[in-house]
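*Asks:* Take this structure, written in structure tokens, and hold onto it; I'll ask about it next.
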Amino acid sequence: MNKSIFKKITGNQLFIPIMALLLLAVINLIVDPGFFKVTLGTNNAGNPVLSGYLITILDYGSELAILAIGMTLVTAASGGQDISVGATIAIAGSAMLRVLCGTNPRPDAIQAPIIVAFLVACLVGMLCGAFNGALVSVFKIQPMIATLVLFTAGRSIAAWINVNKLPIVPDPKFAYFGGFIPGIPIPTTVFIVIACIIVIALVLKFTNLGLYTQAVGINEKSARLNGINPTFIKFLAFVILGLCVAVAALIKVSRLSTINYSVIAKDIEMDAILAVALGGNALSGGKFNMWASIIGAYVIQFLTTTLYKFNVQSDALAAYKAVVVILLVFFSAPKVREYLGGFTKKLSAGKAEKKENKGEA
């Protein structure tokens, strides 16, 4: 009975990301228990805000979790990944600023309501997703190659939208989306990611999107024979990712109320892909667990925050994350899994034999 419970626990897809989260927590607890300290203070405007490493993880991990939602669907449906996420955030963010600031990069007041600018960003993000989705689903181009187009040209397009100028939004309310709402000490990003999680949970529960996505990822031909349109499902997955990108762009741009085309969301696509992989989802497509990807996103942010705390230079972060990727690839390899499974069986068989020998004695 105990063995079956242990097997169920270790076989659950949430096991790896949760264990990784606990491992990072234990390491920080041993090195510096102050890592978990959360304090209530005030910001420059005199409003109460919570601060601490855990708040930073929740804050910056939220935008990564939002991207992981869309990246999970793209990975499951297409068996590939979108590497243009960071560049698309720059495009959507630049379009948002264009609507808010108009032709004047330093306006005295915003030129359109924030909701209108956000809807424009959503449209732009979905158009970028539709472009990538069409290349993958209609023209049968590999996802990484298809998204290489926007990955290469995206930041230039973003700069072109605002004529290479850096607009600054004058309305302090715009900063609420990437910061704090006055009177609420919890980062606004936490509420945004909760809303996104609720929406995707409802979509997966009350529609066949999850089932169809997995069916297409597992066997496209069989899915077509069962009346599913693989072209549309793949296309839709990229469009949904584009919508997630627009939400992340709102958070990114509102943090500073401006944009830096070459730096904004740099390498965030790699973190989003790693979050999906850390969640135990096969990067070759098929079955997926959305909760595992979301937890994986917070694990990646936990790791990033921990490395910063240990004074690791930002340029070296990629090397540490590469180690995580290597370990994930190693332990997910069929040969390794087969060996570990056989080794576990031998151990259990050896213990059973010892018990029998003791009983006979």
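Residues in the structure tokens are named by chain (A, B, ... in the order shown) and by number from 1 within that chain; ligands are numbered from 1 in the order shown.
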With a cut-off of 12 Å, could you pull out the residues of segment 6-111 of chain A touching segment 243-249 of chain A and give me the nearest pair of atoms for each, distance in Å to one decimal, using only C-alpha atoms, ordered by chain and ascending number, as a Markdown table?

*Replies:*
```
| residue | atom | partner | partner_atom | distance |
| --- | --- | --- | --- | --- |
| A:Asp59 | CA | A:Ala248 | CA | 11.9 |
| A:Tyr60 | CA | A:Ala248 | CA | 10.3 |
| A:Gly61 | CA | A:Ala248 | CA | 10.9 |
| A:Ser62 | CA | A:Ala248 | CA | 8.8 |
| A:Glu63 | CA | A:Ala248 | CA | 5.3 |
| A:Leu64 | CA | A:Ala248 | CA | 7.8 |
| A:Ala65 | CA | A:Ala248 | CA | 9.4 |
| A:Ile66 | CA | A:Cys244 | CA | 6.0 |
| A:Leu67 | CA | A:Cys244 | CA | 5.7 |
| A:Ala68 | CA | A:Cys244 | CA | 8.7 |
| A:Ile69 | CA | A:Cys244 | CA | 7.5 |
| A:Gly70 | CA | A:Cys244 | CA | 6.1 |
| A:Met71 | CA | A:Cys244 | CA | 9.0 |
| A:Thr72 | CA | A:Cys244 | CA | 11.3 |
| A:Leu73 | CA | A:Cys244 | CA | 11.2 |
| A:Val74 | CA | A:Cys244 | CA | 11.7 |
| A:Asp82 | CA | A:Val245 | CA | 11.2 |
| A:Ser84 | CA | A:Val245 | CA | 10.1 |
| A:Val85 | CA | A:Val245 | CA | 6.7 |
| A:Gly86 | CA | A:Val245 | CA | 8.3 |
| A:Ala87 | CA | A:Val245 | CA | 9.7 |
| A:Thr88 | CA | A:Val245 | CA | 6.9 |
| A:Ile89 | CA | A:Ala249 | CA | 4.9 |
| A:Ala90 | CA | A:Ala249 | CA | 7.1 |
| A:Ile91 | CA | A:Ala249 | CA | 8.6 |
| A:Ala92 | CA | A:Ala246 | CA | 5.9 |
| A:Gly93 | CA | A:Ala249 | CA | 5.1 |
| A:Ser94 | CA | A:Ala249 | CA | 8.9 |
| A:Ala95 | CA | A:Ala249 | CA | 10.0 |
| A:Met96 | CA | A:Ala249 | CA | 8.7 |
| A:Leu97 | CA | A:Ala249 | CA | 10.6 |
```

*Asks:* What does the file look like for those residues with C-alpha atoms, as a tab-separated table (two decimals), in the first residue's frame?

*Replies:*
```tsv
chain	number	residue	atom	x	y	z
A	59	ASP	CA	5.42	39.79	-8.52
A	60	TYR	CA	7.87	38.95	-11.30
A	61	GLY	CA	6.86	35.30	-11.48
A	62	SER	CA	3.32	36.32	-12.36
A	63	GLU	CA	4.17	37.64	-15.82
A	64	LEU	CA	6.19	34.48	-16.49
A	65	ALA	CA	3.25	32.33	-15.35
A	66	ILE	CA	0.95	34.17	-17.78
A	67	LEU	CA	3.34	33.44	-20.65
A	68	ALA	CA	3.69	29.81	-19.52
A	69	ILE	CA	-0.08	29.36	-19.99
A	70	GLY	CA	0.12	30.25	-23.68
A	71	MET	CA	3.46	28.49	-24.21
A	72	THR	CA	2.04	25.26	-22.77
A	73	LEU	CA	-0.80	25.24	-25.33
A	74	VAL	CA	1.59	26.02	-28.21
A	82	ASP	CA	7.60	30.15	-29.77
A	84	SER	CA	9.53	35.33	-30.41
A	85	VAL	CA	7.69	35.97	-27.13
A	86	GLY	CA	10.10	38.66	-25.90
A	87	ALA	CA	10.09	40.50	-29.21
A	88	THR	CA	6.30	40.30	-29.40
A	89	ILE	CA	6.06	41.84	-25.93
A	90	ALA	CA	8.15	44.74	-27.30
A	91	ILE	CA	5.77	45.11	-30.29
A	92	ALA	CA	2.57	44.97	-28.19
A	93	GLY	CA	4.05	47.30	-25.57
A	94	SER	CA	5.17	49.78	-28.21
A	95	ALA	CA	1.70	49.78	-29.80
A	96	MET	CA	0.18	50.41	-26.37
A	97	LEU	CA	2.45	53.41	-25.80
```

*Asks:* Taking only C-alpha atoms into account, produce a table as a tab-separated table in which each residue of segment 107-127 of chain A with an atom at most 12 Å from an atom of segment 138-154 of chain A appears once, together with its shortest atom pair and the distance in Å to one decimal, ordered by chain and rising number.

*Replies:*
```
residue	atom	partner	partner_atom	distance
A:Val124	CA	A:Gly154	CA	11.9
A:Gly125	CA	A:Gly154	CA	11.4
A:Leu127	CA	A:Leu150	CA	11.7
```

*Asks:* Excluding same-chain residues fewer than 2 positions from Arg255 of chain A, what lies within 12 Å of it counting only C-alpha atoms, as number ranges by chain?

*Replies:* A: 59-60, 63, 93, 168-169, 172-180, 187-189, 248-253, 257-260, 264-265

*Asks:* Keeping only C-alpha atoms, write the selected residues as an mmCIF file, in the first residue's frame.

*Replies:*
```
data_model
loop_
_atom_site.group_PDB
_atom_site.id
_atom_site.type_symbol
_atom_site.label_atom_id
_atom_site.label_comp_id
_atom_site.auth_asym_id
_atom_site.auth_seq_id
_atom_site.Cartn_x
_atom_site.Cartn_y
_atom_site.Cartn_z
ATOM 1 C CA ASP A 59 5.419 39.794 -8.520
ATOM 2 C CA TYR A 60 7.865 38.954 -11.301
ATOM 3 C CA GLU A 63 4.168 37.644 -15.816
ATOM 4 C CA GLY A 93 4.051 47.296 -25.570
ATOM 5 C CA ILE A 168 6.657 58.164 -21.352
ATOM 6 C CA VAL A 169 3.106 57.760 -20.049
ATOM 7 C CA PRO A 172 0.319 57.606 -12.671
ATOM 8 C CA LYS A 173 -2.655 55.222 -12.870
ATOM 9 C CA PHE A 174 -0.928 53.361 -15.700
ATOM 10 C CA ALA A 175 1.822 52.329 -13.269
ATOM 11 C CA TYR A 176 -0.721 50.505 -11.094
ATOM 12 C CA PHE A 177 -0.746 47.458 -13.414
ATOM 13 C CA GLY A 178 2.939 46.732 -12.856
ATOM 14 C CA GLY A 179 3.070 48.061 -9.322
ATOM 15 C CA PHE A 180 0.576 48.597 -6.526
ATOM 16 C CA PRO A 187 1.335 43.677 -6.155
ATOM 17 C CA THR A 188 -1.317 44.129 -8.855
ATOM 18 C CA THR A 189 0.383 41.447 -10.948
ATOM 19 C CA ALA A 248 2.582 40.457 -20.044
ATOM 20 C CA ALA A 249 3.366 43.543 -22.157
ATOM 21 C CA LEU A 250 0.912 45.597 -20.080
ATOM 22 C CA ILE A 251 2.742 44.563 -16.907
ATOM 23 C CA LYS A 252 6.221 45.086 -18.373
ATOM 24 C CA VAL A 253 5.547 48.535 -19.826
ATOM 25 C CA SER A 257 5.678 53.742 -17.850
ATOM 26 C CA THR A 258 8.034 53.593 -20.845
ATOM 27 C CA ILE A 259 9.879 51.031 -22.955
ATOM 28 C CA ASN A 260 13.393 50.044 -23.935
ATOM 29 C CA ILE A 264 12.362 44.719 -22.438
ATOM 30 C CA ALA A 265 11.511 41.042 -21.822
#
```

*Asks:* Applying 12 Å and only C-alpha atoms, which residues near segment 30-32 of chain A remain after dropping the ones on its own chain fewer than 5 positions away? List them as a list in words.

*Replies:*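 Using only C-alpha atoms, the neighbours found are Leu23, Leu24, Ala25, Lys37, Tyr53, Thr306, Lys309 and Phe310 of chain A.
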
*Asks:* Identify which of the residues A:Lys287, A:Lys165, A:Lys205, A:Arg106 lies closest to Asn219 of chain A, counting only C-alpha atoms when measuring atom-to-atom distances.

*Replies:* A:Lys287

*Asks:* When you count only C-alpha atoms, which of these residues is closest to Ala292 of chain A: A:Leu40, A:Thr304, A:Pro182, A:Leu278?

*Replies:*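 Nearest to Ala292 of chain A: A:Leu278.
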
*Asks:* I want to know what sits within 8 Å of Phe35 of chain A, based on only C-alpha atoms, with residues of the same chain fewer than 6 positions away left out; could you give that as a list in words?

*Replies:* Asn28, Leu29, Gly52, Tyr53 and Leu54 of chain A

*Asks:* Env of Gly41 of chain A: 12 Å cut, atoms = only C-alpha atoms, seq-sep filter 3 positions within chain, self excluded. Answer as a PDB file with N, CA and C atoms, in the first residue's frame.

*Replies:*
```pdb
ATOM      1  N   VAL A  38       8.860  38.976   5.220  1.00  0.00           N
ATOM      2  CA  VAL A  38       7.998  39.891   4.469  1.00  0.00           C
ATOM      3  C   VAL A  38       7.655  41.065   5.392  1.00  0.00           C
ATOM      4  N   ASN A  44       7.054  55.382  -2.386  1.00  0.00           N
ATOM      5  CA  ASN A  44       7.327  56.815  -2.531  1.00  0.00           C
ATOM      6  C   ASN A  44       6.072  57.675  -2.416  1.00  0.00           C
ATOM      7  N   ALA A  45       4.922  57.064  -2.763  1.00  0.00           N
ATOM      8  CA  ALA A  45       3.661  57.811  -2.689  1.00  0.00           C
ATOM      9  C   ALA A  45       3.034  57.749  -1.302  1.00  0.00           C
ATOM     10  N   GLY A  46       3.690  57.021  -0.393  1.00  0.00           N
ATOM     11  CA  GLY A  46       3.173  56.914   0.970  1.00  0.00           C
ATOM     12  C   GLY A  46       2.120  55.842   1.149  1.00  0.00           C
ATOM     13  N   ASN A  47       1.950  54.973   0.150  1.00  0.00           N
ATOM     14  CA  ASN A  47       0.952  53.906   0.237  1.00  0.00           C
ATOM     15  C   ASN A  47       1.576  52.633   0.826  1.00  0.00           C
ATOM     16  N   PRO A  48       0.807  51.852   1.595  1.00  0.00           N
ATOM     17  CA  PRO A  48       1.351  50.615   2.185  1.00  0.00           C
ATOM     18  C   PRO A  48       1.648  49.563   1.117  1.00  0.00           C
ATOM     19  N   VAL A  49       2.838  48.954   1.203  1.00  0.00           N
ATOM     20  CA  VAL A  49       3.222  47.903   0.261  1.00  0.00           C
ATOM     21  C   VAL A  49       3.987  46.813   1.009  1.00  0.00           C
ATOM     22  N   LEU A  50       3.806  45.600   0.569  1.00  0.00           N
ATOM     23  CA  LEU A  50       4.570  44.482   1.109  1.00  0.00           C
ATOM     24  C   LEU A  50       5.874  44.355   0.337  1.00  0.00           C
ATOM     25  N   SER A  51       6.955  44.025   1.030  1.00  0.00           N
ATOM     26  CA  SER A  51       8.246  43.866   0.365  1.00  0.00           C
ATOM     27  C   SER A  51       8.975  42.659   0.936  1.00  0.00           C
ATOM     28  N   GLY A  52       9.884  42.122   0.157  1.00  0.00           N
ATOM     29  CA  GLY A  52      10.634  40.936   0.550  1.00  0.00           C
ATOM     30  C   GLY A  52      10.875  40.065  -0.668  1.00  0.00           C
ATOM     31  N   GLY A 183      -3.552  51.669  -1.419  1.00  0.00           N
ATOM     32  CA  GLY A 183      -4.375  51.058  -0.384  1.00  0.00           C
ATOM     33  C   GLY A 183      -4.313  49.542  -0.363  1.00  0.00           C
ATOM     34  N   ILE A 184      -3.769  48.927  -1.432  1.00  0.00           N
ATOM     35  CA  ILE A 184      -3.636  47.464  -1.507  1.00  0.00           C
ATOM     36  C   ILE A 184      -2.147  47.119  -1.492  1.00  0.00           C
ATOM     37  N   PRO A 185      -1.637  46.493  -0.440  1.00  0.00           N
ATOM     38  CA  PRO A 185      -0.196  46.230  -0.314  1.00  0.00           C
ATOM     39  C   PRO A 185       0.333  45.087  -1.167  1.00  0.00           C
ATOM     40  N   ILE A 186      -0.565  44.334  -1.808  1.00  0.00           N
ATOM     41  CA  ILE A 186      -0.162  43.198  -2.645  1.00  0.00           C
ATOM     42  C   ILE A 186       0.033  43.684  -4.085  1.00  0.00           C
TER      43      ILE A 186
END
```

*Asks:* When distances are computed from only C-alpha atoms, which of A:Ala121, A:Ile83, A:Ala134, A:Leu166 shows the smallest separation from Tyr261 of chain A?

*Replies:* A:Leu166

*Asks:* In terms of the shortest atom-to-atom distance over only C-alpha atoms, which of A:Ala277, A:Ala282, A:Ala319, A:Val120 is closest to Ile295 of chain A?

*Replies:*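 Looking only at the distances to Ile295 of chain A, the closest residue turns out to be A:Ala277.
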
*Asks:* Have a look at A:Thr39, A:Thr75, A:Thr207, A:Thr103 and name the one nearest to Leu274 of chain A; count only C-alpha atoms.

*Replies:* A:Thr75

*Asks:* Which parts of segment 28-274 of chain A does DSSP call alpha helix (DSSP H) when run on the backbone here, written out as a PyMOL selection string?

*Replies:* chain A and resi 28-31+53-78+85-101+114-137+143-146+148-161+188-206+209-218+220-225+230-256+268-274

*Asks:* Go ahead and compute the interatomic distance for atom CA of Lys234 of chain A and atom CA of Thr213 of chain A, in Å to one decimal.

*Replies:*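 Answer for the atom CA of Lys234 of chain A to atom CA of Thr213 of chain A separation: 7.7 Å.
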
*Asks:* Given the choices A:Gly210, A:Ser262, A:Val299, A:Ile233, which gets closest to Ser156 of chain A if the distance is worked out from only C-alpha atoms?

*Replies:*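 Of the candidates, the smallest distance to Ser156 of chain A is held by A:Ser262.
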